[in-house]
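Student: I have a structure here, written as structure tokens, and I will follow up with some questions on it.
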Amino acid sequence: MAEKLTHPERYTITAALPYTNGPIHIGHLAGVYVPADIYARYLRLNGNDVAFVCGSDEHGVAISMKAKKEGITPKEVIDKYDGIIRKSFQEFGITFDNYSRTSREIHHKTASDFFVKLYEQGDFIEETTAQLYDEEAKQFLADRFVVGTCPKCGHEEAYGDQCENCGSTLNATDLINPKSTITGTVPTTKETKHWFLPLDRYEDFLKEWILVGHKSDWKPNVYGQCKSWIDDGLKPRAVTRDLDWGIPVPVEGGEGKVLYVWFDAPIGYISSTKEWAEREGKDWEPYWKDENTKLVHFIGKDNIVFHCIIFPAILKAHGDYILPENVPANEFLNLEGNKLSTSKNWAVWLHEYLEEFPDMQDVLRYTLTANAPETKDNDFTWKDFQARNNNELVAILGNFINRVVVLTNKYYEGIVPTPSEFSQVDKETLEQLRKFPEIISSSIERYRFREAGQELMNLARLGNKYLADEEPWKVIKQDEERVKTIMFVALQIATGLSVLSEPFLPFTSEKLKNILAINSEEAVSSWAEVSTKETLLPADHKINKAELLFRKIEDSEIQAQLDKLEATKKANENENKELMPQKDTITFDDFTKLDMRVGTIVEAEKMPKAKKLLVLKVDTGLDTRTIVSGIAESFTPEEIVGKKVTVLINLAPRALRGVESEGMILMTENADGKLVFVNPDEDGVGNGEGIS
RNA sequence: GGCGAGGUAGCUCAGCUGGUUAGAGCGUCGGAUUCAUAACCCGGAGGCCGAGGGUUCAAGUCCCUCUCUCGCUACCA
């Protein structure tokens, strides 16, 4: 059912909207922006009509929370990061046709209209529930913003969704004496209405469209992930929520509510396209509504369901829109063996890289392309970065260009010589050169950017080999005419490289074109011309003096980066995690209600069919009882038998996965997030001993 | 626990519908060369294709079991 567009009239390329709670790092680049930019540049070079759009994603609860924590407004948070991100993309050479923001008027309007359209078409389900409302903060309280007394066990610190004491699942409205954690006031109960997108209605459509239609052209990781979701059964998903930061719900009953980010963010692509079209005096609609438009979303694997299931369902619901033809999602990039983490500062930040390695954008682009996590998670190491630069960019590409340019200047004062007769090798070499556009295209169009980059390098290799085989520096002593032909051929290769390198290494391409002085019309300009044009760089054309395309990267520079990461690691170890603020005061009586005892684990086994649960038999002195504890990811059953632990024994029993748990083992967490027993270390403390 | 993706030379990866001695780049070792950022060019070594079973004349490629990594999901902090 998904007909492939072999010759689209235009392309709409989107790159995942960066969330403005932090700057851009190499993971974002390798996964999304570098491949998307290569693709967009490639398409433009081939004369295609391309809209490459992106923008900052600035709504959602994470930004709202971050602002609250830092005591600033959400607007201040987003302005800060939008500024950093926007600037770094621009300096890095990501050629968005438009980079918008979801906080802009145009997006609010686009997303609102979209919502209203679906609303009017009856594409949403409405559901009214009673929820707690904070009069002072003037907002409905999400479950975790409410505490109160648990109706089941009397625990006074139960959260709106669950009581930590007895483990019961609660409704916030059932809490006795509820209190808002935002203002501390007593909330009132109000009816609130929310809208849901019934994804289940689109199940058949999605099955047909993805499982049948895109079985062979979508990447396995993307297809598999979609299949998993669809097979699991799709459920209605809330489109609106009670929050004050976001796009207001534009229909009756929507006061104090906003659209969920998952709904508004992808519409940001559309808003961004509109903004671009307005500025350029174009019509945006064909880019989203014409069947001859090829829509491609570049994203990371975290975004697969949103772009392959949910957003298409929304577009389908609307009715006027085209669907993505492909969603080439990448996996994740790690850094020196550890997951990238914005909060732990474990990253190579783009804006810092740009400062520390000025004018070396292409080195990072190349390394990230070569190491792109296309089929599985991959690791970025500084050592590899150095090696890629020194052994490939410098030694293969940079060196080839340098030898050609130096020789041309040395023998002919920079004038491209007139060839005489081409030898068999010359012809074959030129023939191979002409094949490269096709070879590289084929890789790019299958989203195999790693492979495409390798092929580009192979062209430089071809050049090096040609020179090594023909040895103009020797031939010059016997046959000057022959050398003219050799250098002419070598210059054609160099010129081909200047064009074909553009999507991958735009700054280098630019530099190379300057060295070869090919700003004029006489030389090649487009991708296809590298194959079709008889002469890429004509005789008598004057080129400039040699200039190094890449410089070597010294060990000391790499060491400096490694030291920087090491310092981050140390800082993370020393720095306390964000600590919870102190809870409300309790009385001594409250405390004495807790009966905590020293106990010993006498048996332990895994709870079947559960990942985190261990079933323990604990000797509490009074008895030996069963306690189910969610610690299986930190301990094996064998290693904890005989362990002394602290047990809360008068906790109301609760059945977990059918096993009655009578009490709770007290745990804490170390810096790595591993659970640790709160245990009486001293010898001679017996089971059943009270803790006070 | 369920589901998905991945596990191929020291490193990063390619191997389509099963078919000759499993490929590439980088690294490594040796050779050759000097136009070039000691770079280029040529050659060699290096692989129980995660483990174990099975199907087949033939399996990295298909089936089953197990295992490790990553993710989603359930249950759980």
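The way I read the labels, and the way they are meant: chains A, B, ... in the order of the structure tokens, residue 1 as the first residue of every chain, and ligand 1 as the first ligand shown, with later ones counted on from there.
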So which bits of region 293-536 of chain A end up alpha helix (DSSP H) when you DSSP the backbone, as a ChimeraX atom specification?
Tutor: /A:304-305,311-318,350-356,361-370,382-387,399-412,424-445,449-470,472-475,480-500,506-515,529-532
Student: Using only C-alpha atoms (C1' of nucleotides), what does the table of region 3-25 of chain B residues within 9 Å of region 58-71 of chain B look like, with each row giving the shortest atom pair and its distance in Å to one decimal, sorted by chain and ascending number, as a Markdown table?
Tutor:
| residue | atom | partner | partner_atom | distance |
| --- | --- | --- | --- | --- |
| B:G4 | C1' | B:G71 | C1' | 7.8 |
| B:A5 | C1' | B:G71 | C1' | 7.7 |
| B:G6 | C1' | B:U69 | C1' | 7.6 |
| B:G7 | C1' | B:U69 | C1' | 7.6 |
| B:U8 | C1' | B:G60 | C1' | 6.9 |
| B:G15 | C1' | B:G60 | C1' | 8.3 |
| B:G18 | C1' | B:U61 | C1' | 5.6 |
| B:G19 | C1' | B:A58 | C1' | 6.4 |
| B:A22 | C1' | B:G60 | C1' | 7.8 |
Student: Could you write out as a list in words the residues of chain B within 8 Å of chain A, counting only C-alpha atoms (C1' of nucleotides)?
Tutor: G1, C3, G4, A5, G6, U12, G25, C26, C35, A36, U37, A39, C40, C41, C70, C72, C75, C76 and A77 of chain B
Student: DSSP on the backbone: which residues in region 637-679 of chain A end up as strand (DSSP E)? Give the answer as JSON, numbers by chain.
Tutor: {"A": [644, 645, 646, 647, 648, 654, 655, 656, 659, 660, 661, 664, 665, 667, 668, 669, 675, 676, 677]}
Student: Do you know which residues are at most 7 Å from Ser661 (chain A) counting only C-alpha atoms (C1' of nucleotides), after dropping those on the same chain fewer than 2 positions away, and could you put them as a list in words?
Tutor: Thr626, Ile627, Val628, Pro653, Arg654, Ala655, Leu656, Val659 and Gly663 of chain A
Student: How many Å separate CA of Leu393 (chain A) from CA of Ser341 (chain A)?
Tutor: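 Separation between CA of Leu393 (chain A) and CA of Ser341 (chain A): 29.0 Å.
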Student: Point out the residue among B:A32, B:G27, B:G44, B:A74 with the least atom-to-atom distance to C11 (chain B), counting only C-alpha atoms (C1' of nucleotides).
Tutor: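 Distance minimum relative to C11 (chain B) lands on B:G27.
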Student: Between CA of Asn544 (chain A) and CA of Ile493 (chain A), what distance in Å does the model show, to one decimal?
Tutor: 16.4 Å
Student: Write out as a list of chain:residue names the residues lying within 8 Å of Val34 (chain A), counting only C-alpha atoms (C1' of nucleotides) and excluding same-chain residues fewer than 5 positions away.
Tutor: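 So, after excluding close chain neighbours, the residues are A:Leu29, A:Ile94, A:Arg365, A:Leu368, A:Thr369.
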